[in-house]
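*Asks:* My file is run-v1.csv. It has CSV, C-alpha atoms and all ligand atoms:
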chain,number,residue,atom,x,y,z
A,1,MET,CA,0.0,0.0,0.0
A,2,PRO,CA,1.4,3.5,-0.8
A,3,THR,CA,2.4,5.6,2.2
A,4,PRO,CA,-0.3,8.2,3.0
A,5,PRO,CA,1.0,11.7,2.3
A,6,SER,CA,0.7,12.7,6.0
A,7,ALA,CA,2.8,9.7,7.0
A,8,ARG,CA,5.4,10.6,4.3
A,9,ALA,CA,5.6,14.2,5.5
A,10,ALA,CA,6.3,13.0,9.0
A,11,GLN,CA,9.2,10.8,8.0
A,12,PRO,CA,12.7,12.3,8.8
A,13,SER,CA,14.7,13.3,5.8
A,14,ARG,CA,17.1,10.5,4.7
A,15,LEU,CA,19.2,12.9,2.5
A,16,SER,CA,22.8,13.4,3.5
A,17,PRO,CA,23.4,17.1,4.6
A,18,LEU,CA,25.5,17.4,1.4
A,19,LEU,CA,22.6,16.7,-0.8
A,20,ARG,CA,20.1,19.0,0.9
A,21,PRO,CA,21.1,22.2,-1.0
A,22,LEU,CA,20.5,20.2,-4.2
A,23,ARG,CA,17.0,19.3,-3.1
A,24,LEU,CA,16.4,23.0,-2.3
A,25,LEU,CA,17.6,24.0,-5.8
A,26,ARG,CA,15.3,21.4,-7.4
A,27,LEU,CA,12.4,22.8,-5.4
A,28,ALA,CA,13.2,26.3,-6.5
A,29,GLY,CA,13.4,25.1,-10.1
A,30,ALA,CA,10.0,23.4,-9.8
A,31,ILE,CA,8.4,26.5,-8.4
A,32,GLY,CA,10.0,28.6,-11.2
A,33,CYS,CA,8.7,26.2,-13.8
A,34,LEU,CA,5.3,26.2,-12.2
A,35,LEU,CA,5.1,30.0,-12.4
A,36,ALA,CA,6.4,30.1,-15.9
A,37,CYS,CA,4.1,27.4,-17.1
A,38,ALA,CA,1.2,29.2,-15.5
A,39,GLY,CA,2.2,32.3,-17.5
A,40,VAL,CA,3.0,34.3,-14.4
A,41,HIS,CA,6.5,35.2,-15.7
A,42,ALA,CA,6.3,39.0,-16.4
A,43,GLY,CA,6.0,40.2,-19.9
A,44,THR,CA,6.5,37.0,-21.8
A,45,THR,CA,4.1,37.8,-24.6
A,46,LEU,CA,5.4,41.3,-25.1
A,47,ASP,CA,8.9,39.9,-25.3
A,48,ALA,CA,7.8,37.2,-27.7
A,49,VAL,CA,5.9,39.6,-30.0
A,50,ARG,CA,9.0,41.9,-30.1
A,51,SER,CA,11.5,39.2,-30.9
A,52,ARG,CA,9.1,37.7,-33.5
A,53,GLY,CA,8.4,41.1,-35.0
A,54,GLN,CA,4.7,40.2,-35.4
A,55,VAL,CA,1.5,40.1,-33.4
A,56,VAL,CA,-0.4,36.8,-34.0
A,57,CYS,CA,-4.1,37.6,-34.1
A,58,GLY,CA,-7.0,35.1,-34.0
A,59,VAL,CA,-9.8,36.2,-36.3
A,60,SER,CA,-13.0,34.6,-37.7
A,61,SER,CA,-12.6,31.7,-40.0
A,62,ASN,CA,-15.2,32.4,-42.6
A,63,GLY,CA,-15.2,36.1,-42.7
A,64,LEU,CA,-17.6,38.4,-40.9
A,65,LEU,CA,-17.9,41.6,-42.9
A,66,GLY,CA,-17.3,44.6,-40.7
A,67,LEU,CA,-15.5,42.7,-37.9
A,68,SER,CA,-13.0,40.4,-39.6
A,69,ALA,CA,-13.1,39.5,-43.2
A,70,GLN,CA,-10.7,39.3,-46.1
A,71,GLY,CA,-11.2,41.8,-48.9
A,72,PRO,CA,-10.9,40.8,-52.6
A,73,ASP,CA,-7.1,41.5,-52.4
A,74,GLY,CA,-6.8,39.1,-49.4
A,75,ARG,CA,-6.3,41.8,-46.9
A,76,TRP,CA,-8.0,41.4,-43.5
A,77,GLN,CA,-10.4,44.2,-42.6
A,78,GLY,CA,-12.9,45.0,-39.9
A,79,LEU,CA,-13.1,46.4,-36.4
A,80,ASP,CA,-11.6,43.3,-34.8
A,81,VAL,CA,-8.8,43.4,-37.3
A,82,ASP,CA,-8.1,47.1,-36.6
A,83,ILE,CA,-7.7,46.3,-32.9
A,84,CYS,CA,-4.9,43.9,-33.9
A,85,ARG,CA,-3.3,46.5,-36.2
A,86,ALA,CA,-3.5,49.1,-33.5
A,87,VAL,CA,-1.8,46.7,-31.0
A,88,ALA,CA,0.9,45.9,-33.6
A,89,ALA,CA,1.5,49.6,-34.2
A,90,ALA,CA,1.6,50.5,-30.5
A,91,VAL,CA,4.1,47.6,-29.8
A,92,LEU,CA,6.1,47.3,-33.0
A,93,GLY,CA,5.5,50.7,-34.7
A,94,ASP,CA,3.9,49.1,-37.7
A,95,GLY,CA,0.2,48.0,-38.1
A,96,GLU,CA,1.1,45.7,-40.9
A,97,LYS,CA,3.1,43.4,-38.6
A,98,VAL,CA,0.2,41.1,-37.9
A,99,ARG,CA,-0.3,37.5,-38.8
A,100,TYR,CA,-3.9,36.6,-38.9
A,101,VAL,CA,-5.0,33.1,-37.9
A,102,PRO,CA,-8.6,32.3,-39.0
A,103,LEU,CA,-10.3,30.3,-36.2
A,104,SER,CA,-13.6,28.5,-35.9
A,105,ASN,CA,-15.8,29.1,-32.8
A,106,ALA,CA,-14.7,25.9,-31.3
A,107,ALA,CA,-11.0,26.4,-32.0
A,108,ARG,CA,-10.7,30.0,-30.8
A,109,PHE,CA,-10.2,29.4,-27.1
A,110,THR,CA,-7.8,26.4,-27.4
A,111,ALA,CA,-5.6,28.4,-29.8
A,112,LEU,CA,-5.3,31.1,-27.1
A,113,GLN,CA,-4.8,28.7,-24.3
A,114,ALA,CA,-2.1,26.9,-26.3
A,115,GLY,CA,-0.3,30.2,-27.0
A,116,GLU,CA,-0.8,29.8,-30.8
A,117,ILE,CA,-2.1,33.4,-30.9
A,118,ASP,CA,-1.2,36.5,-28.9
A,119,VAL,CA,-4.7,37.9,-29.0
A,120,LEU,CA,-8.1,36.7,-29.9
A,121,SER,CA,-9.9,39.5,-31.6
A,122,ARG,CA,-12.8,37.6,-33.1
A,123,ASN,CA,-16.4,38.7,-32.3
A,124,THR,CA,-16.0,37.0,-28.9
A,125,THR,CA,-18.5,37.7,-26.1
A,126,ILE,CA,-16.9,38.4,-22.7
A,127,THR,CA,-18.8,36.4,-20.0
A,128,LEU,CA,-17.9,35.5,-16.4
A,129,ALA,CA,-17.3,31.9,-17.2
A,130,ARG,CA,-15.0,32.6,-20.2
A,131,ASP,CA,-13.1,35.2,-18.2
A,132,ALA,CA,-12.7,33.2,-15.0
A,133,SER,CA,-12.5,29.6,-15.9
A,134,MET,CA,-10.8,29.0,-19.2
A,135,GLY,CA,-7.3,30.2,-18.8
A,136,LEU,CA,-8.2,33.4,-20.6
A,137,HIS,CA,-8.6,37.0,-19.7
A,138,MET,CA,-10.8,39.8,-21.0
A,139,THR,CA,-9.2,43.1,-21.8
A,140,ALA,CA,-11.8,45.7,-22.8
A,141,VAL,CA,-15.1,45.8,-24.7
A,142,ALA,CA,-14.5,46.8,-28.3
A,143,PHE,CA,-18.1,46.5,-29.5
A,144,TYR,CA,-21.3,46.4,-27.5
A,145,ASP,CA,-23.4,43.8,-29.4
A,146,THR,CA,-26.7,42.2,-28.7
A,147,GLN,CA,-28.3,38.9,-29.8
A,148,GLY,CA,-31.5,39.0,-31.8
A,149,PHE,CA,-33.3,37.3,-34.7
A,150,MET,CA,-33.5,37.7,-38.5
A,151,VAL,CA,-36.5,36.3,-40.4
A,152,PRO,CA,-37.4,36.4,-44.1
A,153,ALA,CA,-39.6,39.4,-44.8
A,154,ARG,CA,-42.1,37.3,-46.6
A,155,SER,CA,-42.8,35.3,-43.4
A,156,LYS,CA,-44.8,38.1,-41.8
A,157,ILE,CA,-43.2,37.4,-38.5
A,158,ARG,CA,-42.4,40.8,-37.0
A,159,SER,CA,-41.9,39.9,-33.3
A,160,ALA,CA,-40.1,37.1,-31.4
A,161,ARG,CA,-43.4,36.4,-29.7
A,162,GLN,CA,-44.6,34.9,-33.1
A,163,LEU,CA,-41.8,32.4,-33.1
A,164,LYS,CA,-43.7,29.7,-31.0
A,165,ASP,CA,-42.7,26.2,-32.2
A,166,LYS,CA,-40.6,27.6,-35.0
A,167,THR,CA,-37.1,26.4,-36.0
A,168,VAL,CA,-34.2,28.7,-35.5
A,169,CYS,CA,-30.8,28.3,-37.2
A,170,VAL,CA,-27.7,28.9,-35.0
A,171,GLN,CA,-24.0,28.2,-35.0
A,172,GLN,CA,-22.5,25.8,-32.4
A,173,ALA,CA,-19.9,26.7,-29.8
A,174,THR,CA,-21.3,30.2,-29.3
A,175,THR,CA,-23.1,32.1,-26.5
A,176,THR,CA,-26.0,32.2,-29.0
A,177,VAL,CA,-27.1,28.6,-28.4
A,178,ARG,CA,-27.6,28.9,-24.7
A,179,ASN,CA,-29.2,32.3,-24.8
A,180,LEU,CA,-31.7,31.0,-27.2
A,181,ALA,CA,-32.6,28.0,-25.1
A,182,GLU,CA,-33.1,30.2,-22.0
A,183,TYR,CA,-35.1,32.7,-24.0
A,184,SER,CA,-37.3,29.9,-25.4
A,185,ARG,CA,-37.9,28.5,-21.9
A,186,ASN,CA,-38.6,31.9,-20.3
A,187,HIS,CA,-41.1,32.8,-23.0
A,188,ARG,CA,-42.5,29.3,-23.4
A,189,LEU,CA,-41.7,29.4,-27.1
A,190,GLU,CA,-40.8,25.8,-27.6
A,191,LEU,CA,-38.2,26.8,-30.2
A,192,LYS,CA,-36.4,24.1,-32.1
A,193,THR,CA,-32.8,24.8,-32.9
A,194,LEU,CA,-30.9,23.7,-35.9
A,195,ALA,CA,-27.3,24.1,-35.0
A,196,PHE,CA,-24.3,23.8,-37.3
A,197,GLU,CA,-20.6,23.8,-36.5
A,198,ASN,CA,-19.7,25.6,-39.7
A,199,PHE,CA,-20.8,29.2,-40.4
A,200,ASP,CA,-21.4,28.6,-44.1
A,201,ASP,CA,-23.7,25.7,-43.2
A,202,VAL,CA,-25.9,27.8,-40.9
A,203,ASN,CA,-26.2,30.4,-43.7
A,204,THR,CA,-27.0,27.9,-46.4
A,205,ALA,CA,-29.7,26.3,-44.2
A,206,TYR,CA,-31.3,29.6,-43.3
A,207,PHE,CA,-31.3,31.0,-46.9
A,208,ALA,CA,-32.6,27.6,-48.2
A,209,GLY,CA,-35.6,28.0,-45.9
A,210,ARG,CA,-34.8,25.2,-43.5
A,211,CYS,CA,-35.3,27.5,-40.5
A,212,ASP,CA,-38.0,30.1,-39.8
A,213,ALA,CA,-35.5,32.4,-38.2
A,214,TYR,CA,-31.7,33.0,-37.7
A,215,SER,CA,-30.4,33.9,-34.3
A,216,GLY,CA,-27.0,35.5,-33.6
A,217,ASP,CA,-25.1,38.6,-32.7
A,218,MET,CA,-26.9,41.6,-34.3
A,219,SER,CA,-23.7,42.7,-36.0
A,220,GLN,CA,-23.4,39.3,-37.6
A,221,LEU,CA,-27.0,39.3,-38.8
A,222,ALA,CA,-26.5,42.8,-40.3
A,223,SER,CA,-23.2,41.5,-41.8
A,224,LEU,CA,-25.0,38.6,-43.4
A,225,ARG,CA,-27.8,40.7,-44.8
A,226,ALA,CA,-25.1,43.0,-46.4
A,227,ARG,CA,-23.0,40.2,-47.8
A,228,LEU,CA,-25.4,37.5,-48.9
A,229,VAL,CA,-28.7,39.0,-49.7
A,230,ALA,CA,-29.6,40.7,-53.0
A,231,SER,CA,-31.7,43.3,-51.3
A,232,PRO,CA,-31.6,44.0,-47.5
A,233,ASP,CA,-35.4,44.4,-47.5
A,234,LEU,CA,-35.8,40.7,-48.1
A,235,HIS,CA,-34.9,40.0,-44.4
A,236,VAL,CA,-36.1,41.7,-41.3
A,237,LEU,CA,-34.3,42.0,-37.9
A,238,LEU,CA,-36.9,41.6,-35.1
A,239,PRO,CA,-37.0,44.2,-32.4
A,240,GLU,CA,-36.4,41.9,-29.4
A,241,ILE,CA,-33.0,41.8,-27.9
A,242,ILE,CA,-32.5,38.5,-26.1
A,243,ALA,CA,-29.0,38.9,-24.7
A,244,LYS,CA,-26.1,41.4,-24.1
A,245,GLU,CA,-23.1,40.4,-26.2
A,246,PRO,CA,-20.1,42.6,-25.3
A,247,LEU,CA,-17.4,41.7,-27.7
A,248,GLY,CA,-13.7,42.3,-27.0
A,249,PRO,CA,-10.2,41.0,-27.4
A,250,MET,CA,-9.1,38.3,-25.1
A,251,VAL,CA,-5.6,37.2,-24.1
A,252,LYS,CA,-4.1,34.2,-22.3
A,253,ARG,CA,-4.5,34.4,-18.5
A,254,GLY,CA,-1.4,35.2,-16.4
A,255,ASP,CA,0.5,37.8,-18.4
A,256,GLN,CA,-0.6,41.0,-16.8
A,257,GLU,CA,1.8,43.1,-18.9
A,258,TRP,CA,0.4,41.9,-22.2
A,259,THR,CA,-3.2,42.1,-20.9
A,260,ALA,CA,-2.5,45.8,-20.0
A,261,VAL,CA,-1.1,46.5,-23.4
A,262,VAL,CA,-4.1,45.2,-25.3
A,263,ARG,CA,-6.6,46.8,-22.8
A,264,TRP,CA,-5.0,50.2,-22.9
A,265,VAL,CA,-4.7,50.2,-26.7
A,266,VAL,CA,-8.5,49.8,-26.8
A,267,TYR,CA,-9.1,52.4,-24.2
A,268,GLY,CA,-6.6,54.7,-25.8
A,269,LEU,CA,-8.5,54.6,-29.1
A,270,ILE,CA,-11.7,55.4,-27.3
A,271,GLU,CA,-10.1,58.2,-25.3
A,272,ALA,CA,-8.6,59.6,-28.5
A,273,GLU,CA,-12.2,60.0,-29.9
A,274,GLU,CA,-13.3,61.6,-26.7
A,275,PHE,CA,-10.6,64.2,-27.0
A,276,GLY,CA,-11.0,64.8,-30.7
A,277,VAL,CA,-7.7,63.2,-31.8
A,278,THR,CA,-8.0,61.8,-35.3
A,279,GLN,CA,-5.8,60.3,-38.0
A,280,ALA,CA,-6.0,63.6,-39.8
A,281,ASN,CA,-5.1,66.0,-37.0
A,282,LEU,CA,-2.7,63.8,-35.1
A,283,GLU,CA,0.6,65.3,-36.4
A,284,GLN,CA,-0.7,68.9,-36.0
A,285,LEU,CA,-1.7,68.1,-32.4
A,286,ARG,CA,1.7,66.6,-31.7
A,287,ALA,CA,3.3,69.8,-32.9
A,288,THR,CA,1.0,72.3,-31.2
A,289,SER,CA,-1.3,71.0,-28.5
A,290,GLN,CA,-0.8,72.3,-25.0
A,291,GLU,CA,-3.7,70.4,-23.5
A,292,PRO,CA,-2.3,67.8,-21.1
A,293,ALA,CA,-5.0,65.1,-21.8
A,294,VAL,CA,-4.3,65.5,-25.6
A,295,GLN,CA,-0.6,65.5,-25.0
A,296,ARG,CA,-0.8,62.2,-23.2
A,297,ILE,CA,-2.7,60.7,-26.1
A,298,VAL,CA,-0.5,62.0,-28.9
A,299,GLY,CA,2.7,61.2,-27.0
A,300,THR,CA,4.1,64.6,-26.1
A,301,GLY,CA,3.0,64.7,-22.5
A,302,ASP,CA,3.6,62.3,-19.5
A,303,ASP,CA,5.3,59.2,-20.6
A,304,LEU,CA,2.6,56.6,-20.1
A,305,GLY,CA,4.2,54.3,-22.7
A,306,LYS,CA,7.0,53.5,-20.2
A,307,LEU,CA,4.5,52.2,-17.7
A,308,LEU,CA,3.3,49.7,-20.3
A,309,GLY,CA,6.8,48.8,-21.5
A,310,LEU,CA,6.2,50.7,-24.7
A,311,GLU,CA,7.5,53.8,-26.5
A,312,ARG,CA,6.3,57.2,-25.4
A,313,ASP,CA,4.3,57.6,-28.7
A,314,TRP,CA,2.6,54.1,-28.4
A,315,LEU,CA,-0.9,55.5,-28.8
A,316,ALA,CA,0.0,58.0,-31.5
A,317,ARG,CA,1.3,55.1,-33.5
A,318,ALA,CA,-2.0,53.2,-33.1
A,319,ILE,CA,-4.1,56.3,-34.0
A,320,ARG,CA,-1.8,57.0,-37.1
A,321,THR,CA,-2.5,53.4,-38.2
A,322,THR,CA,-6.3,53.0,-37.6
A,323,GLY,CA,-7.7,56.3,-36.5
A,324,ASN,CA,-9.6,56.7,-33.2
A,325,TYR,CA,-12.4,54.4,-32.1
A,326,GLY,CA,-15.1,56.4,-33.9
A,327,GLU,CA,-13.1,56.4,-37.1
A,328,ILE,CA,-12.6,52.6,-36.8
A,329,PHE,CA,-16.4,52.1,-36.2
A,330,GLU,CA,-17.4,54.3,-39.1
A,331,ARG,CA,-15.0,52.8,-41.6
A,332,ASN,CA,-16.0,49.2,-40.8
A,333,LEU,CA,-19.6,49.2,-39.6
A,334,GLY,CA,-21.0,52.7,-39.9
A,335,ARG,CA,-23.7,54.3,-41.9
A,336,ASN,CA,-21.6,54.6,-45.1
A,337,THR,CA,-20.6,50.9,-45.1
A,338,PRO,CA,-22.7,47.9,-46.4
A,339,LEU,CA,-23.7,47.1,-42.8
A,340,GLY,CA,-24.9,50.7,-42.1
A,341,LEU,CA,-25.0,50.3,-38.3
A,342,PRO,CA,-25.9,53.3,-36.2
A,343,ARG,CA,-23.4,54.0,-33.3
A,344,GLY,CA,-26.2,53.3,-30.8
A,345,LEU,CA,-24.7,51.6,-27.7
A,346,ASN,CA,-21.2,52.1,-29.2
A,347,SER,CA,-21.4,55.8,-28.9
A,348,LEU,CA,-19.2,57.4,-26.3
A,349,TRP,CA,-20.5,57.7,-22.7
A,350,ASN,CA,-21.0,61.5,-23.1
A,351,LYS,CA,-23.0,61.0,-26.3
A,352,GLY,CA,-25.5,58.5,-25.0
A,353,GLY,CA,-23.5,55.3,-25.5
A,354,LEU,CA,-21.6,52.9,-23.3
A,355,HIS,CA,-17.9,53.5,-24.3
A,356,TYR,CA,-16.4,55.0,-21.2
A,357,ALA,CA,-12.6,54.4,-21.5
A,358,LEU,CA,-10.8,54.3,-18.2
A,359,PRO,CA,-8.7,57.4,-18.2
A,360,VAL,CA,-5.4,57.4,-20.1
A,361,ARG,CA,-3.4,59.2,-17.4
B,1,LIG,N1,-20.3,36.4,-29.8
B,1,LIG,C1,-20.7,35.1,-29.7
B,1,LIG,C2,-21.0,34.5,-31.1
B,1,LIG,C3,-19.8,34.3,-31.9
B,1,LIG,C4,-20.3,33.9,-33.3
B,1,LIG,O1,-21.4,34.1,-33.5
B,1,LIG,N2,-19.6,33.3,-34.1
B,1,LIG,C5,-20.1,33.0,-35.4
B,1,LIG,C6,-21.2,33.7,-36.0
B,1,LIG,S1,-22.6,32.9,-35.4
B,1,LIG,C7,-18.9,33.3,-36.3
B,1,LIG,O2,-18.0,34.0,-35.9
B,1,LIG,N3,-18.9,32.7,-37.5
B,1,LIG,C8,-17.9,32.9,-38.4
B,1,LIG,C9,-16.9,31.8,-38.3
B,1,LIG,O3,-17.2,30.7,-37.8
B,1,LIG,O4,-15.8,32.1,-38.8
B,1,LIG,C10,-19.7,34.2,-29.0
B,1,LIG,O5,-18.7,34.8,-28.6
B,1,LIG,O6,-19.9,33.0,-28.7
In structure tokens, what does this structure look like?
Ligand SMILES: N[C@@H](CCC(=O)N[C@@H](CS)C(=O)NCC(=O)O)C(=O)O
*Replies:*
Amino acid sequence: MPTPPSARAAQPSRLSPLLRPLRLLRLAGAIGCLLACAGVHAGTTLDAVRSRGQVVCGVSSNGLLGLSAQGPDGRWQGLDVDICRAVAAAVLGDGEKVRYVPLSNAARFTALQAGEIDVLSRNTTITLARDASMGLHMTAVAFYDTQGFMVPARSKIRSARQLKDKTVCVQQATTTVRNLAEYSRNHRLELKTLAFENFDDVNTAYFAGRCDAYSGDMSQLASLRARLVASPDLHVLLPEIIAKEPLGPMVKRGDQEWTAVVRWVVYGLIEAEEFGVTQANLEQLRATSQEPAVQRIVGTGDDLGKLLGLERDWLARAIRTTGNYGEIFERNLGRNTPLGLPRGLNSLWNKGGLHYALPVR
């Protein structure tokens, strides 16, 4: 029978005094390894990004217009992509130094856990369970999304209350599935779900009429309407919002320095909008502004970059690359894009929205 741990601990050490220091060394090594393996070692991701000369960014696999999708020239575009470009610019001085890794819903978290990507910027909802139990960490909210329904206009369904006993198409390994089940139960709708692993398969099923409705993030439904439908009027977004879906970049848990870099790049872009710093006026403000808040943003005031392990003009580099948050939103999702989304919840806090960047000071 093996010795119980308490009995083992009580046994006197049989090591000769000469070997004791060796044992201590081994113990220290084991603790060091434990810390490193848990990712506690300071700044590992930042160092790795610097020596690689590239940020590895997890994005959507099949392309979500407005968030992360490849253009006809193969270039990745979208709000989630711009976050990665801004991080690369802040850290490496060049927004092009990003390698994009397309990831399915199911693969996105394991890729981050395994350290295959530095940041997951892929229409990913931040929830308590994801933040606290998966070896991941949230940084900041980049887009306040919500979950809703899309139906064919010809169906005459105009409210989620009319969905009783209907079939709804969804994609697996998303927050969507569970939200839908809870909504169905709470409203006694007896919804049937048709769930697919692959995004294209959900789309094909819905557009072939196999489901009465499609449920997903509203940005995604708007994106689908813009990308796959001949005329947007053929499909209607129902007014009910069934869940909050705050999307934002996630990082591997345990590297506080890297978490701070990604978080403050997002906040910095939002703060830049709040203080009127744009891609167009950045250089002029760098040359002339005497306003301390603006100087901190454009990199001529207090050196906040140093606190993040970055250059003094870290945020200016990001703004030069992508513009401020409002510019990113308008370019990718706003009224003059195929998605045509209003700012809504994604307006700044002092304009009726939810974006309240923690102060860059
Ligand atoms: N925000 C939700 C939903 C994510 C999501 O919806 N993903 C799907 C759209 S339904 C997607 O990204 N599809 C594109 C792909 O698989 O590449 C989550 O984090 O679970």
*Asks:* Could you please give me, as a compact mmCIF listing (two decimals) with C-alpha atoms, keeping the file's coordinate frame, the residues of protein, DNA or RNA lying at most 10 Å from (-34.2, 47.0, -33.7) in the coordinate frame of the file, considering only C-alpha atoms?
*Replies:*
# COMPACT_ATOMS: atom_id res chain seq x y z
CA GLY A 148 -31.50 39.00 -31.80
CA PHE A 149 -33.30 37.30 -34.70
CA MET A 218 -26.90 41.60 -34.30
CA VAL A 236 -36.10 41.70 -41.30
CA LEU A 237 -34.30 42.00 -37.90
CA LEU A 238 -36.90 41.60 -35.10
CA PRO A 239 -37.00 44.20 -32.40
CA GLU A 240 -36.40 41.90 -29.40
CA ILE A 241 -33.00 41.80 -27.90
*Asks:* With distances taken over all atoms listed in the file, which residue among A:Asn179, A:Thr167, A:Ser215, A:Ser155 lies nearest Leu194 of chain A?
*Replies:*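 Counting all atoms listed in the file, the residue closest to Leu194 of chain A is A:Thr167.
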*Asks:* At what distance in Å, to one decimal, does atom CA of Gly268 of chain A lie from atom CA of Val101 of chain A?
*Replies:*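 Atom-to-atom, atom CA of Val101 of chain A and atom CA of Gly268 of chain A are spaced 24.8 Å apart.
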*Asks:* Got a sec to check which residues lie within 9 Å of ligand LIG 1 (chain B), using all atoms listed in the file, and send them as an MDAnalysis selection string?
*Replies:* chainID A and resid 59:64 68 102:106 122:127 145:147 170:177 197:200 202 215:217 220:221 245:247
*Asks:* Atom CA of Val55 of chain A and atom CA of Pro338 of chain A are how many Å apart?
*Replies:*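 Going from atom CA of Val55 of chain A over to atom CA of Pro338 of chain A, I get 28.6 Å.
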*Asks:* Between A:Arg263, A:Arg161, A:Arg253, A:Arg317, which has the minimum distance to Thr45 of chain A (counting only C-alpha atoms)?
*Replies:*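 When distances to Thr45 of chain A are compared using only C-alpha atoms, the smallest one comes from A:Arg253.
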*Asks:* What is the distance, in Å and to one decimal place, between atom CA of Ile83 of chain A and atom CA of Arg335 of chain A?
*Replies:*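 Between atom CA of Ile83 of chain A and atom CA of Arg335 of chain A the gap works out to 20.0 Å.
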*Asks:* I'd like the neighbourhood of Ala316 of chain A as an MDAnalysis selection string, where a residue qualifies if any of its atoms comes within 8 Å (using all atoms listed in the file), though same-chain residues fewer than 2 positions away should be ignored.
*Replies:* chainID A and resid 90 282 297:299 313:314 318:320
*Asks:* Restricting it to C-alpha atoms, dump the selection as an mmCIF file, keeping the file's coordinate frame.
*Replies:*
data_model
loop_
_atom_site.group_PDB
_atom_site.id
_atom_site.type_symbol
_atom_site.label_atom_id
_atom_site.label_comp_id
_atom_site.auth_asym_id
_atom_site.auth_seq_id
_atom_site.Cartn_x
_atom_site.Cartn_y
_atom_site.Cartn_z
ATOM 1 C CA ALA A 90 1.600 50.500 -30.500
ATOM 2 C CA LEU A 282 -2.700 63.800 -35.100
ATOM 3 C CA ILE A 297 -2.700 60.700 -26.100
ATOM 4 C CA VAL A 298 -0.500 62.000 -28.900
ATOM 5 C CA GLY A 299 2.700 61.200 -27.000
ATOM 6 C CA ASP A 313 4.300 57.600 -28.700
ATOM 7 C CA TRP A 314 2.600 54.100 -28.400
ATOM 8 C CA ALA A 318 -2.000 53.200 -33.100
ATOM 9 C CA ILE A 319 -4.100 56.300 -34.000
ATOM 10 C CA ARG A 320 -1.800 57.000 -37.100
#
*Asks:* Report as a ChimeraX atom specification all protein, DNA and RNA residues lying within 7 Å of Ser223 of chain A, evaluated on only C-alpha atoms, omitting residues in the same chain fewer than 4 positions from it.
*Replies:* /A:64-66,219,227,339
*Asks:* Which residue out of A:Ala129, A:Leu315, A:Val265, A:Lys351 has the minimum interatomic distance to Asp303 of chain A when only C-alpha atoms are used?
*Replies:* A:Leu315
*Asks:* From the options A:Ile117, A:Ile242, A:Ala213, A:Leu234, which residue's atoms come nearest to Arg178 of chain A, counting all atoms listed in the file?
*Replies:*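 Among the listed residues, A:Ile242 lies closest to Arg178 of chain A.
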*Asks:* Using all atoms listed in the file for the distances, tell me which of A:Ser121, A:Leu92, A:Arg185, A:Arg75 is nearest to Cys57 of chain A.
*Replies:*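 For Cys57 of chain A, the nearest of the given residues is A:Ser121.
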